[in-house]
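K.L.:
This is the content of target-v4.cif (mmCIF, C-alpha atoms and all ligand atoms):
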```cif
data_final
loop_
_atom_site.label_atom_id
_atom_site.label_comp_id
_atom_site.auth_asym_id
_atom_site.auth_seq_id
_atom_site.Cartn_x
_atom_site.Cartn_y
_atom_site.Cartn_z
CA MET A 1 50.61 39.61 -27.82
CA LYS A 2 48.89 41.89 -25.39
CA TYR A 3 45.72 42.65 -27.31
CA THR A 4 43.77 45.64 -26.08
CA GLU A 5 40.45 45.23 -27.84
CA VAL A 6 38.33 42.94 -29.99
CA MET A 7 36.36 44.08 -32.98
CA ILE A 8 33.22 42.06 -33.71
CA ARG A 9 31.42 41.95 -37.06
CA TYR A 10 27.77 40.94 -37.13
CA GLY A 11 26.18 38.00 -38.93
CA GLU A 12 23.04 37.96 -41.12
CA LEU A 13 23.42 41.56 -42.18
CA SER A 14 20.17 41.47 -44.11
CA THR A 15 18.48 42.44 -40.86
CA LYS A 16 17.44 46.07 -41.04
CA GLY A 17 15.73 48.81 -39.08
CA LYS A 18 14.20 47.77 -35.80
CA ASN A 19 15.33 44.17 -36.26
CA ARG A 20 18.86 45.34 -36.61
CA LYS A 21 18.62 47.33 -33.39
CA ASP A 22 17.18 44.31 -31.62
CA PHE A 23 19.91 42.10 -33.08
CA ILE A 24 22.68 44.40 -31.83
CA GLY A 25 21.03 44.98 -28.46
CA ARG A 26 20.61 41.25 -27.85
CA LEU A 27 24.10 40.47 -29.02
CA ALA A 28 25.55 43.08 -26.66
CA GLY A 29 23.46 41.64 -23.83
CA ASN A 30 24.55 38.09 -24.62
CA VAL A 31 28.22 39.06 -24.86
CA THR A 32 27.88 40.87 -21.53
CA LYS A 33 26.37 37.72 -20.01
CA VAL A 34 29.09 35.35 -21.18
CA LEU A 35 31.79 37.80 -20.06
CA LYS A 36 30.25 38.67 -16.73
CA ASP A 37 33.19 37.26 -14.78
CA PHE A 38 35.48 39.79 -16.51
CA PRO A 39 34.26 43.02 -14.88
CA GLU A 40 37.14 45.06 -16.35
CA VAL A 41 35.91 44.47 -19.91
CA GLU A 42 33.87 47.22 -21.65
CA ILE A 43 31.39 46.45 -24.42
CA HIS A 44 30.54 49.13 -26.96
CA PRO A 45 27.86 48.12 -29.48
CA ARG A 46 27.60 50.25 -32.61
CA HIS A 47 25.41 49.95 -35.66
CA ASP A 48 28.12 48.46 -37.90
CA ARG A 49 30.17 46.50 -35.37
CA MET A 50 30.94 46.01 -31.71
CA HIS A 51 34.10 46.85 -29.83
CA ILE A 52 35.21 45.06 -26.72
CA VAL A 53 37.81 46.96 -24.74
CA LEU A 54 39.80 44.41 -22.77
CA ASN A 55 41.34 46.71 -20.12
CA GLY A 56 43.92 44.06 -19.29
CA ALA A 57 41.73 40.94 -19.62
CA SER A 58 43.37 38.04 -21.49
CA PHE A 59 42.23 37.74 -25.09
CA ASP A 60 42.69 33.96 -25.06
CA LYS A 61 40.11 33.58 -22.32
CA ILE A 62 37.67 36.02 -23.92
CA ASP A 63 38.17 34.26 -27.25
CA LYS A 64 36.94 30.93 -25.86
CA ARG A 65 33.69 32.60 -24.81
CA LEU A 66 33.15 34.60 -28.00
CA ARG A 67 33.43 31.44 -30.11
CA LYS A 68 30.12 30.33 -28.67
CA VAL A 69 28.09 33.50 -29.09
CA PHE A 70 25.51 33.33 -31.90
CA GLY A 71 25.31 36.41 -34.13
CA ILE A 72 29.08 36.91 -34.40
CA GLN A 73 30.25 36.47 -37.97
CA THR A 74 33.94 37.31 -37.58
CA TYR A 75 36.08 39.03 -34.99
CA SER A 76 39.61 40.33 -34.70
CA PRO A 77 41.78 41.00 -31.68
CA ALA A 78 43.53 44.35 -32.08
CA ILE A 79 46.18 46.44 -30.42
CA LYS A 80 45.68 50.12 -29.76
CA VAL A 81 48.78 52.25 -30.37
CA PRO A 82 49.56 55.98 -30.27
CA LYS A 83 49.33 57.80 -33.60
CA THR A 84 52.99 57.81 -34.57
CA LEU A 85 54.60 55.99 -37.47
CA THR A 86 57.12 54.28 -35.19
CA ASP A 87 54.43 52.86 -32.95
CA ILE A 88 52.46 51.64 -35.94
CA GLU A 89 55.45 49.99 -37.59
CA GLU A 90 56.76 48.29 -34.48
CA THR A 91 53.41 46.88 -33.51
CA ALA A 92 52.71 45.79 -37.08
CA LEU A 93 56.01 43.91 -37.08
CA ALA A 94 55.34 42.25 -33.74
CA LEU A 95 51.90 41.11 -34.89
CA MET A 96 53.21 39.81 -38.19
CA GLN A 97 56.02 37.91 -36.50
CA GLU A 98 53.44 36.19 -34.37
CA THR A 99 50.96 35.36 -37.14
CA PHE A 100 53.29 34.65 -40.06
CA LYS A 101 54.33 31.11 -40.99
CA THR A 102 56.68 30.20 -43.83
CA GLY A 103 55.00 30.40 -47.20
CA MET A 104 52.15 32.68 -46.16
CA THR A 105 51.24 35.75 -48.22
CA PHE A 106 50.06 39.06 -46.80
CA LYS A 107 48.84 42.54 -47.49
CA VAL A 108 48.49 45.71 -45.47
CA ASN A 109 45.04 47.23 -45.44
CA THR A 110 44.66 50.70 -43.95
CA LYS A 111 41.44 52.57 -43.23
CA ARG A 112 41.16 55.98 -41.69
CA SER A 113 38.32 57.82 -40.12
CA ASP A 114 40.74 60.57 -39.02
CA HIS A 115 41.36 62.34 -42.30
CA HIS A 116 43.74 64.81 -40.69
CA PHE A 117 46.30 62.12 -39.92
CA GLU A 118 49.58 63.02 -41.59
CA TYR A 119 49.68 59.91 -43.85
CA ASP A 120 46.90 58.70 -46.11
CA THR A 121 45.96 55.06 -46.56
CA ASN A 122 48.18 54.43 -49.60
CA GLN A 123 51.17 55.93 -47.89
CA LEU A 124 50.62 53.88 -44.76
CA ASN A 125 50.11 50.68 -46.74
CA SER A 126 53.38 51.09 -48.56
CA MET A 127 55.43 52.42 -45.63
CA VAL A 128 54.33 49.67 -43.27
CA GLY A 129 54.70 47.06 -46.04
CA ASP A 130 58.26 48.21 -46.71
CA TYR A 131 59.07 48.20 -43.01
CA LEU A 132 57.90 44.59 -42.73
CA PHE A 133 59.92 43.51 -45.80
CA ASP A 134 62.99 45.14 -44.25
CA HIS A 135 62.60 43.30 -40.97
CA MET A 136 61.28 39.87 -41.92
CA ASP A 137 62.45 37.11 -44.23
CA GLY A 138 60.30 35.13 -46.67
CA LEU A 139 57.42 37.61 -46.81
CA LYS A 140 55.38 37.72 -49.99
CA ALA A 141 52.75 40.30 -50.81
CA GLU A 142 49.47 39.20 -52.40
CA MET A 143 46.65 41.63 -53.08
CA LYS A 144 43.76 39.35 -54.01
CA HIS A 145 43.74 36.41 -51.63
CA PRO A 146 46.40 36.98 -48.99
CA ASP A 147 46.72 34.55 -46.05
CA ILE A 148 47.19 37.44 -43.66
CA VAL A 149 45.56 40.84 -43.84
CA LEU A 150 47.33 43.28 -41.56
CA ARG A 151 44.59 45.79 -40.76
CA ILE A 152 45.46 49.28 -39.66
CA GLU A 153 42.66 51.60 -38.61
CA VAL A 154 43.42 55.23 -37.97
CA ARG A 155 40.68 56.53 -35.71
CA GLN A 156 40.38 59.83 -33.85
CA ASP A 157 41.69 58.55 -30.54
CA ALA A 158 44.40 56.14 -31.70
CA VAL A 159 45.48 53.59 -34.28
CA TYR A 160 44.21 50.00 -34.08
CA ILE A 161 46.15 47.15 -35.64
CA SER A 162 45.14 43.52 -36.12
CA SER A 163 46.43 40.55 -38.08
CA GLN A 164 43.81 37.87 -37.49
CA LEU A 165 40.31 37.34 -38.80
CA LEU A 166 38.60 34.73 -36.63
CA HIS A 167 35.31 33.08 -37.54
CA GLY A 168 32.45 33.19 -35.08
CA ILE A 169 29.65 30.61 -35.16
CA GLY A 170 27.25 32.88 -37.04
CA GLY A 171 23.50 32.50 -36.52
CA MET A 172 21.26 34.99 -34.73
CA PRO A 173 21.68 36.29 -31.17
CA VAL A 174 19.77 34.10 -28.73
CA GLY A 175 16.50 35.82 -27.85
CA THR A 176 15.93 37.64 -31.12
CA ALA A 177 13.51 34.94 -32.29
CA GLY A 178 11.54 34.76 -29.03
CA LYS A 179 11.16 31.98 -26.47
CA ALA A 180 10.31 28.30 -26.92
CA MET A 181 10.22 25.10 -24.88
CA MET A 182 12.83 22.47 -25.74
CA MET A 183 12.00 18.86 -24.94
CA LEU A 184 15.33 17.63 -23.61
CA SER A 185 16.00 13.98 -22.87
CA GLY A 186 19.41 12.69 -21.89
CA GLY A 187 20.09 11.35 -25.40
CA ILE A 188 22.22 12.48 -28.31
CA ASP A 189 19.63 14.20 -30.47
CA SER A 190 17.81 16.70 -28.29
CA PRO A 191 20.99 18.51 -27.14
CA VAL A 192 21.92 18.96 -30.80
CA ALA A 193 18.40 20.20 -31.56
CA SER A 194 18.80 22.64 -28.64
CA TYR A 195 21.99 24.02 -30.12
CA LEU A 196 20.35 24.46 -33.53
CA ALA A 197 17.33 26.21 -32.00
CA MET A 198 19.59 28.68 -30.20
CA LYS A 199 21.57 29.20 -33.39
CA ARG A 200 18.44 30.67 -34.98
CA GLY A 201 18.04 33.09 -32.11
CA VAL A 202 15.52 31.10 -30.06
CA GLU A 203 15.72 31.43 -26.29
CA ILE A 204 15.00 27.95 -24.99
CA GLU A 205 13.81 26.56 -21.69
CA MET A 206 14.36 22.85 -21.14
CA VAL A 207 11.39 20.62 -20.39
CA HIS A 208 12.57 17.27 -19.04
CA PHE A 209 10.35 14.38 -18.00
CA PHE A 210 11.63 12.15 -15.25
CA SER A 211 10.09 9.18 -13.50
CA PRO A 212 11.30 8.49 -10.01
CA PRO A 213 11.56 5.80 -8.67
CA TYR A 214 11.91 4.17 -12.10
CA THR A 215 14.61 6.60 -13.17
CA THR A 216 17.56 7.51 -11.00
CA GLU A 217 18.80 10.85 -9.72
CA LYS A 218 21.71 10.33 -12.09
CA ALA A 219 19.47 10.44 -15.18
CA LEU A 220 18.05 13.75 -14.02
CA ALA A 221 21.54 15.03 -13.19
CA LYS A 222 22.71 14.04 -16.66
CA ALA A 223 19.98 16.09 -18.37
CA LYS A 224 20.89 19.05 -16.14
CA GLU A 225 24.57 18.70 -16.88
CA LEU A 226 23.84 18.60 -20.62
CA THR A 227 21.93 21.84 -20.10
CA GLY A 228 25.05 23.26 -18.43
CA ILE A 229 27.09 22.51 -21.56
CA LEU A 230 24.44 24.13 -23.77
CA ALA A 231 24.28 27.18 -21.47
CA ASN A 232 27.70 28.12 -22.84
CA TYR A 233 25.84 29.31 -25.92
CA CYS A 234 23.56 31.74 -24.11
CA GLY A 235 24.68 32.28 -20.51
CA LYS A 236 21.78 30.62 -18.68
CA ILE A 237 19.00 28.11 -19.38
CA ASN A 238 16.00 27.38 -17.19
CA PHE A 239 15.55 23.64 -16.61
CA ILE A 240 12.01 22.47 -15.97
CA ALA A 241 11.74 18.97 -14.49
CA VAL A 242 8.32 17.36 -14.87
CA PRO A 243 7.39 14.24 -12.88
CA PHE A 244 6.07 11.63 -15.30
CA ALA A 245 5.84 8.37 -13.34
CA GLU A 246 2.14 8.50 -12.51
CA ILE A 247 1.24 9.06 -16.16
CA GLN A 248 3.47 6.22 -17.30
CA GLU A 249 2.15 3.82 -14.67
CA THR A 250 -1.46 4.66 -15.54
CA ILE A 251 -0.93 4.24 -19.25
CA LYS A 252 0.87 0.94 -18.76
CA GLU A 253 -1.88 -0.36 -16.53
CA LYS A 254 -4.83 0.73 -18.65
CA LEU A 255 -3.90 0.79 -22.32
CA PRO A 256 -2.91 -1.85 -24.90
CA GLU A 257 0.78 -2.27 -25.27
CA GLY A 258 0.93 -1.21 -28.92
CA TYR A 259 -0.20 2.32 -27.97
CA LEU A 260 1.83 2.85 -24.78
CA MET A 261 4.47 4.84 -26.54
CA THR A 262 2.14 6.93 -28.68
CA VAL A 263 -0.04 7.94 -25.75
CA GLN A 264 2.98 8.66 -23.55
CA ARG A 265 4.28 10.98 -26.23
CA ARG A 266 0.91 12.69 -26.50
CA PHE A 267 1.07 13.40 -22.77
CA MET A 268 4.60 14.72 -23.04
CA LEU A 269 3.57 17.10 -25.78
CA GLN A 270 0.46 18.26 -23.92
CA LEU A 271 2.54 18.95 -20.83
CA ALA A 272 5.21 20.76 -22.82
CA ASP A 273 2.47 22.87 -24.37
CA ARG A 274 0.86 23.63 -21.00
CA ILE A 275 4.23 24.78 -19.68
CA ARG A 276 4.83 26.81 -22.84
CA ALA A 277 1.53 28.65 -22.39
CA GLN A 278 2.30 29.41 -18.72
CA ARG A 279 5.75 30.73 -19.57
CA VAL A 280 4.61 32.61 -22.65
CA GLY A 281 6.68 30.66 -25.18
CA LEU A 282 5.87 30.59 -28.88
CA ALA A 283 6.82 27.08 -29.96
CA ILE A 284 8.04 23.66 -28.91
CA PHE A 285 11.28 22.08 -30.13
CA ASN A 286 12.31 18.44 -29.91
CA GLY A 287 15.06 16.10 -31.09
CA GLU A 288 13.03 13.85 -33.38
CA SER A 289 14.56 12.60 -36.61
CA VAL A 290 12.23 11.18 -39.26
CA GLY A 291 12.14 7.41 -39.24
CA GLN A 292 14.81 6.95 -36.58
CA VAL A 293 12.62 4.87 -34.24
CA ALA A 294 8.96 3.83 -34.00
CA SER A 295 7.87 7.06 -32.30
CA GLN A 296 9.47 9.14 -35.04
CA THR A 297 7.78 7.83 -38.18
CA LEU A 298 5.59 10.35 -39.96
CA GLN A 299 2.55 8.25 -38.94
CA SER A 300 3.63 8.54 -35.30
CA MET A 301 4.12 12.26 -35.65
CA VAL A 302 0.57 12.58 -36.96
CA ALA A 303 -0.81 10.59 -34.02
CA ILE A 304 1.25 12.54 -31.46
CA ASN A 305 1.25 16.07 -32.85
CA ASP A 306 -2.56 15.94 -32.82
CA VAL A 307 -2.69 17.27 -29.24
CA THR A 308 -1.61 20.80 -30.13
CA THR A 309 -1.62 23.43 -32.85
CA THR A 310 1.49 25.04 -31.39
CA PRO A 311 4.38 24.84 -33.88
CA VAL A 312 6.52 21.79 -33.05
CA ILE A 313 9.92 22.31 -34.60
CA ARG A 314 12.34 19.45 -35.16
CA PRO A 315 15.77 20.85 -36.05
CA VAL A 316 17.36 17.42 -36.63
CA ALA A 317 14.35 15.96 -38.49
CA THR A 318 16.24 15.37 -41.72
CA MET A 319 19.70 14.65 -40.37
CA ASP A 320 21.31 11.21 -40.38
CA LYS A 321 22.44 9.83 -37.03
CA THR A 322 26.09 10.20 -38.12
CA GLU A 323 25.53 13.88 -38.91
CA ILE A 324 23.85 14.42 -35.56
CA ILE A 325 26.70 12.67 -33.76
CA LYS A 326 29.26 14.81 -35.53
CA LEU A 327 27.54 17.97 -34.34
CA ALA A 328 27.13 16.53 -30.83
CA GLU A 329 30.90 16.03 -30.74
CA GLU A 330 31.54 19.55 -31.95
CA ILE A 331 29.32 21.17 -29.35
CA GLY A 332 30.68 18.96 -26.57
CA THR A 333 27.55 17.04 -25.57
CA PHE A 334 28.30 13.64 -27.10
CA ASP A 335 30.45 12.09 -24.35
CA LEU A 336 27.85 12.93 -21.73
CA SER A 337 24.91 11.85 -23.91
CA ILE A 338 26.29 8.32 -24.26
CA GLN A 339 26.61 7.83 -20.49
CA PRO A 340 24.26 4.97 -19.66
CA PHE A 341 21.70 6.51 -17.31
CA GLU A 342 18.28 5.34 -18.37
CA ASP A 343 15.67 8.04 -18.93
CA CYS A 344 11.94 7.69 -18.52
CA CYS A 345 11.23 6.54 -22.08
CA THR A 346 13.51 3.55 -22.04
CA ILE A 347 11.97 2.26 -18.82
CA PHE A 348 8.42 2.09 -20.11
CA ALA A 349 9.26 1.30 -23.72
CA PRO A 350 7.09 -1.54 -25.02
CA PRO A 351 9.01 -4.29 -26.85
CA ARG A 352 7.01 -3.77 -30.06
CA PRO A 353 5.67 -0.23 -30.35
CA LYS A 354 3.53 0.46 -33.41
CA THR A 355 5.45 2.17 -36.16
CA LYS A 356 2.18 3.19 -37.78
CA PRO A 357 -0.19 4.09 -34.95
CA LYS A 358 -3.66 5.25 -35.94
CA LEU A 359 -4.74 8.70 -34.92
CA ASP A 360 -8.31 7.72 -34.04
CA LYS A 361 -7.13 4.82 -31.89
CA ALA A 362 -4.61 7.01 -30.08
CA ARG A 363 -7.39 9.51 -29.30
CA GLU A 364 -9.79 6.79 -28.24
CA TYR A 365 -7.34 5.08 -25.86
CA GLU A 366 -6.19 8.33 -24.36
CA ALA A 367 -9.80 9.35 -23.70
CA ARG A 368 -10.15 6.35 -21.37
CA LEU A 369 -7.83 8.09 -18.92
CA ASP A 370 -8.34 11.05 -16.63
CA VAL A 371 -6.18 13.20 -18.88
CA GLU A 372 -6.86 16.50 -17.13
CA GLY A 373 -6.21 15.09 -13.64
CA LEU A 374 -2.98 13.43 -14.68
CA ILE A 375 -1.73 16.58 -16.37
CA GLU A 376 -2.66 18.81 -13.47
CA ARG A 377 -0.89 16.61 -10.95
CA ALA A 378 2.24 16.51 -13.09
CA MET A 379 2.08 20.32 -13.43
CA THR A 380 2.00 20.79 -9.65
CA GLY A 381 5.17 18.68 -9.31
CA ILE A 382 7.25 20.81 -11.68
CA GLU A 383 10.61 22.09 -10.49
CA ILE A 384 12.46 24.93 -12.21
CA THR A 385 16.22 25.39 -11.88
CA PRO A 386 18.30 28.04 -13.66
CA ILE A 387 21.45 26.39 -15.02
CA TYR A 388 24.69 28.21 -15.83
CA PRO A 389 27.59 27.33 -18.16
CA ASN A 390 29.40 24.10 -17.28
CA GLU A 391 27.52 23.55 -14.03
CA LYS A 392 28.13 20.03 -12.80
CA PHE A 393 25.43 17.77 -11.40
CA ILE A 394 26.45 14.14 -11.87
CA ASN A 395 29.59 14.17 -9.78
CA ASP A 396 28.00 16.37 -7.18
CA GLN A 397 25.47 13.63 -6.80
CA ALA A 398 28.20 11.00 -6.63
CA ALA A 399 29.95 13.06 -3.97
CA ALA A 400 26.69 13.38 -2.05
CA ASP A 401 26.12 9.62 -2.31
CA GLN A 402 29.63 9.07 -1.00
CA GLU A 403 28.95 11.24 2.01
CA LEU A 404 25.88 9.22 2.85
CA LEU A 405 27.85 5.96 2.86
P1 LIG A 501 17.30 11.90 -27.91
O1 LIG A 501 18.65 11.48 -28.39
O2 LIG A 501 17.08 13.36 -27.98
O3 LIG A 501 16.93 11.28 -26.60
P2 LIG A 501 16.10 9.73 -29.27
O4 LIG A 501 16.56 9.47 -30.63
O5 LIG A 501 16.61 8.92 -28.16
O6 LIG A 501 16.31 11.29 -28.98
P3 LIG A 501 13.44 9.46 -28.26
O7 LIG A 501 13.99 8.99 -26.97
O8 LIG A 501 12.38 8.72 -28.93
O9 LIG A 501 14.54 9.65 -29.35
O10 LIG A 501 12.95 10.94 -28.06
C1 LIG A 501 12.55 11.75 -29.13
C2 LIG A 501 12.45 13.17 -28.61
O11 LIG A 501 11.43 13.26 -27.61
C3 LIG A 501 13.71 13.62 -27.93
O12 LIG A 501 14.65 14.11 -28.82
C4 LIG A 501 13.19 14.69 -27.00
O13 LIG A 501 12.99 15.90 -27.69
C5 LIG A 501 11.85 14.12 -26.58
N1 LIG A 501 12.01 13.36 -25.33
C6 LIG A 501 12.23 12.05 -25.18
N2 LIG A 501 12.38 11.73 -23.89
C7 LIG A 501 12.25 12.87 -23.18
C8 LIG A 501 12.31 13.23 -21.80
N3 LIG A 501 12.55 12.30 -20.85
N4 LIG A 501 12.13 14.50 -21.46
C9 LIG A 501 11.90 15.45 -22.40
N5 LIG A 501 11.86 15.19 -23.70
C10 LIG A 501 12.02 13.92 -24.10
MG MG A 502 16.16 9.36 -26.10
#
```
If you convert what's in this file into structure tokens, what do you get?

P.N.:
Amino acid sequence: MKYTEVMIRYGELSTKGKNRKDFIGRLAGNVTKVLKDFPEVEIHPRHDRMHIVLNGASFDKIDKRLRKVFGIQTYSPAIKVPKTLTDIEETALALMQETFKTGMTFKVNTKRSDHHFEYDTNQLNSMVGDYLFDHMDGLKAEMKHPDIVLRIEVRQDAVYISSQLLHGIGGMPVGTAGKAMMMLSGGIDSPVASYLAMKRGVEIEMVHFFSPPYTTEKALAKAKELTGILANYCGKINFIAVPFAEIQETIKEKLPEGYLMTVQRRFMLQLADRIRAQRVGLAIFNGESVGQVASQTLQSMVAINDVTTTPVIRPVATMDKTEIIKLAEEIGTFDLSIQPFEDCCTIFAPPRPKTKPKLDKAREYEARLDVEGLIERAMTGIEITPIYPNEKFINDQAAADQELL
């Protein structure tokens, strides 16, 4: 069908007043961003719903984008027709023929804001219903829980007809909750945590620690490419690469093995917090899951979290690995996450990290190092790259390597 517009209904309708305005404004901005390569499309936000006028753009393509926009509860593609009974009936029939499958029930649901239209809602419901029964076999009406609701809206300018109610991903428009730093590795968990943070309206910027020459360009490219997949949910994500080799080398050289991991993590968190302050973020997110590995026991969290009072939010804290993997598959990050490019943690991971590090020991060992100097030097090496939906980095690198050969 040649749909002419899409009607979007908002999620979390409890939001009122100024919050509601912000919600709608952000949502309109985010929809505009993800549809920016469709210049013909018009976006009209209103207080109760949003209309997207397609002006010839393909609904199927727009649909793929809208499915990933947080704050959309449901949406329906519709066809605009002139205000004559014939036009309404013929379009209703065409839509039903496309949507209907044997055994499905339906009802016609008419609304009008033009109260001067020659037919009222009851008349339209029954006339269009009769017309459909006359022209289709196997139809069954059902008022309470129909499979298909054929919606007819009589507005001032025209009549709008739709037969599908599609589910958006819900959540809050990205940006409504403010900005935070996301600690992104190349693993399975932190991309899922990123998705969940954005789902609650948080605008994230990725903080990624890398350790050349111990980690390869590919590991960095993988984290960037994961960011590209996640950018589908918001249009753009800034990727902040932080050099971490000097810190890791120093810790390995100077501190007892049992505390390598704890102190490394304390540095990561301090750096993430420094970057957060510079970029005026409100919180830090990471992909830790309670008890998953030595660095993620509650005792470890106590010994690591000690370096800041900034909220550290762990969206996957209580999820099982299988639950996290399921979500990773759904959001499209899993296949890339399991690619075997070592990140900076694996390289300097001690064979037996303490599962119950002591806070006072962690502080004491860390104090033996030039913490401020190490952090400042890492901060000067930071590189920030804006990353857009589905940008590729790994194969680009492979292609570049090829050229060098
Ligand atoms: P993930 O699957 O997210 O890598 P993980 O189960 O492998 O998590 P760890 O490697 O211990 O666990 O990392 C725990 C969390 O610490 C990660 O989810 C991420 O938020 C953060 N983190 C780990 N390594 C890095 C890194 N190189 N850069 C930025 N953050 C990191
Ligand atoms: Mg990891």

K.L.:
What are the closest atom pairs, with distances in Å to one decimal, for all residues of segment 364-396 of chain A lying within 12 Å of segment 33-45 of chain A? Consider all atoms listed in the file, order rows by chain and residue number, and present the result as a Markdown table.

P.N.:
```
| residue | atom | partner | partner_atom | distance |
| --- | --- | --- | --- | --- |
| A:Tyr388 | CA | A:Val34 | CA | 9.9 |
| A:Pro389 | CA | A:Val34 | CA | 8.7 |
| A:Asn390 | CA | A:Val34 | CA | 11.9 |
```

K.L.:
Return as a list of chain:residue names the residues of protein, DNA or RNA that approach ligand LIG 501 (chain A) to within 6 Å, with all atoms listed in the file taken into account.

P.N.:
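Checked against 6 Å with all atoms listed in the file; the hits are A:Met183, A:Leu184, A:Ser185, A:Gly186, A:Gly187, A:Ile188, A:Asp189, A:Ser190, A:Val207, A:His208, A:Phe209, A:Phe210, A:Asn286, A:Gly287, A:Glu288, A:Ser295, A:Asp343, A:Cys344, A:Cys345.
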
K.L.:
With only C-alpha atoms as the atoms that count, which of A:Leu66, A:Val192, A:Leu166, A:Leu150 lies nearest to Glu98 of chain A?

P.N.:
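For Glu98 of chain A, the nearest of the given residues is A:Leu150.
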
K.L.:
Could you give me, as a list in words, the residues within 12 Å of Lys18 of chain A, counting all atoms listed in the file and dropping anything in the same chain fewer than 5 positions from it?

P.N.:
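Answer for this query is Phe23, Ile24, Gly25, His47 and Thr176 of chain A.
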
K.L.:
Could you tell me how far atom CA of Val6 of chain A sits from atom CA of His51 of chain A, in Å to one decimal place?

P.N.:
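Atom CA of Val6 of chain A lies at a distance of 5.8 Å from atom CA of His51 of chain A.
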
K.L.:
Report, in Å to a single decimal, how far apart atom CA of Tyr214 of chain A and atom CA of Phe267 of chain A are.

P.N.:
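Atom-to-atom, atom CA of Phe267 of chain A to atom CA of Tyr214 of chain A, that is 17.8 Å.
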
K.L.:
Do you have the atom CA of Glu391 of chain A-atom CA of Met50 of chain A distance handy?

P.N.:
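Atom-to-atom, atom CA of Glu391 of chain A to atom CA of Met50 of chain A, that is 28.8 Å.
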
K.L.:
What's around Gly258 of chain A at 12 Å? Count only C-alpha atoms, leave out sequence neighbours fewer than 6 positions away in its own chain, and write the answer as a list in words.

P.N.:
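So, after excluding close chain neighbours, the residues are Ile251, Lys252, Gln264, Ala294, Ser295, Ser300, Ala349, Pro350, Pro351, Arg352, Pro353, Lys354, Thr355, Lys356, Pro357, Lys358, Lys361, Ala362 and Tyr365 of chain A.
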
K.L.:
If we count all atoms listed in the file and set the cut-off at 9 Å, which residues sit around Glu225 of chain A, ignoring sequence neighbours fewer than 6 positions away in its own chain? Please answer as a short mmCIF file (atom, residue, chain, number, x, y, z; two decimals) with C-alpha atoms, in the coordinates of the input.

P.N.:
```cif
data_model
loop_
_atom_site.label_atom_id
_atom_site.label_comp_id
_atom_site.auth_asym_id
_atom_site.auth_seq_id
_atom_site.Cartn_x
_atom_site.Cartn_y
_atom_site.Cartn_z
CA LEU A 336 27.85 12.93 -21.73
CA ILE A 387 21.45 26.39 -15.02
CA ASN A 390 29.40 24.10 -17.28
CA GLU A 391 27.52 23.55 -14.03
CA LYS A 392 28.13 20.03 -12.80
CA PHE A 393 25.43 17.77 -11.40
CA ILE A 394 26.45 14.14 -11.87
#
```

K.L.:
Excluding segment 313-320 of chain A and residues on its chain fewer than 4 positions from it, collect all residues at most 7 Å away from it, counting all atoms listed in the file, and give them as an MDAnalysis selection string.

P.N.:
chainID A and resid 193 196:197 284:290 324

K.L.:
Let's have the selection written as a tab-separated table (two decimals), keeping the file's coordinate frame, with C-alpha atoms.

P.N.:
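again-v7.tsv written:
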```
chain	number	residue	atom	x	y	z
A	193	ALA	CA	18.40	20.20	-31.56
A	196	LEU	CA	20.35	24.46	-33.53
A	197	ALA	CA	17.33	26.21	-32.00
A	284	ILE	CA	8.04	23.66	-28.91
A	285	PHE	CA	11.28	22.08	-30.13
A	286	ASN	CA	12.31	18.44	-29.91
A	287	GLY	CA	15.06	16.10	-31.09
A	288	GLU	CA	13.03	13.85	-33.38
A	289	SER	CA	14.56	12.60	-36.61
A	290	VAL	CA	12.23	11.18	-39.26
A	324	ILE	CA	23.85	14.42	-35.56
```

K.L.:
Taking into account all atoms listed in the file, which residue in the set A:Thr380, A:Thr84, A:Thr91, A:Gln339 is nearest to ligand MG 502 (chain A)?

P.N.:
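Answer, going by the shortest atom-to-atom distance: A:Gln339.
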
K.L.:
Near segment 123-135 of chain A, counting all atoms listed in the file, which residues have an atom at most 9 Å away, once you skip same-chain residues fewer than 5 positions from it, shown as a PDB file with C-alpha atoms, in the frame of the given file?

P.N.:
```pdb
ATOM      1  CA  LEU A  85      54.600  55.990 -37.470  1.00  0.00           C
ATOM      2  CA  ILE A  88      52.460  51.640 -35.940  1.00  0.00           C
ATOM      3  CA  GLU A  89      55.450  49.990 -37.590  1.00  0.00           C
ATOM      4  CA  GLU A  90      56.760  48.290 -34.480  1.00  0.00           C
ATOM      5  CA  ALA A  92      52.710  45.790 -37.080  1.00  0.00           C
ATOM      6  CA  LEU A  93      56.010  43.910 -37.080  1.00  0.00           C
ATOM      7  CA  MET A  96      53.210  39.810 -38.190  1.00  0.00           C
ATOM      8  CA  LYS A 107      48.840  42.540 -47.490  1.00  0.00           C
ATOM      9  CA  VAL A 108      48.490  45.710 -45.470  1.00  0.00           C
ATOM     10  CA  ASN A 109      45.040  47.230 -45.440  1.00  0.00           C
ATOM     11  CA  THR A 110      44.660  50.700 -43.950  1.00  0.00           C
ATOM     12  CA  LYS A 140      55.380  37.720 -49.990  1.00  0.00           C
ATOM     13  CA  ALA A 141      52.750  40.300 -50.810  1.00  0.00           C
ATOM     14  CA  ILE A 152      45.460  49.280 -39.660  1.00  0.00           C
TER      15      ILE A 152
END
```

K.L.:
Check the smallest atom-to-atom distance from each of A:Leu282, A:Ala223, A:Leu271, A:Met301 to ligand MG 502 (chain A) using only C-alpha atoms and all ligand atoms, then report the winner.

P.N.:
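Under the stated criterion, the closest residue is A:Ala223.
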
K.L.:
Given the choices A:Lys101, A:Lys80, A:Arg20, A:His115, which gets closest to Arg151 of chain A if the distance is worked out from only C-alpha atoms?

P.N.:
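Looking at the shortest contact to Arg151 of chain A, the residue is A:Lys80.
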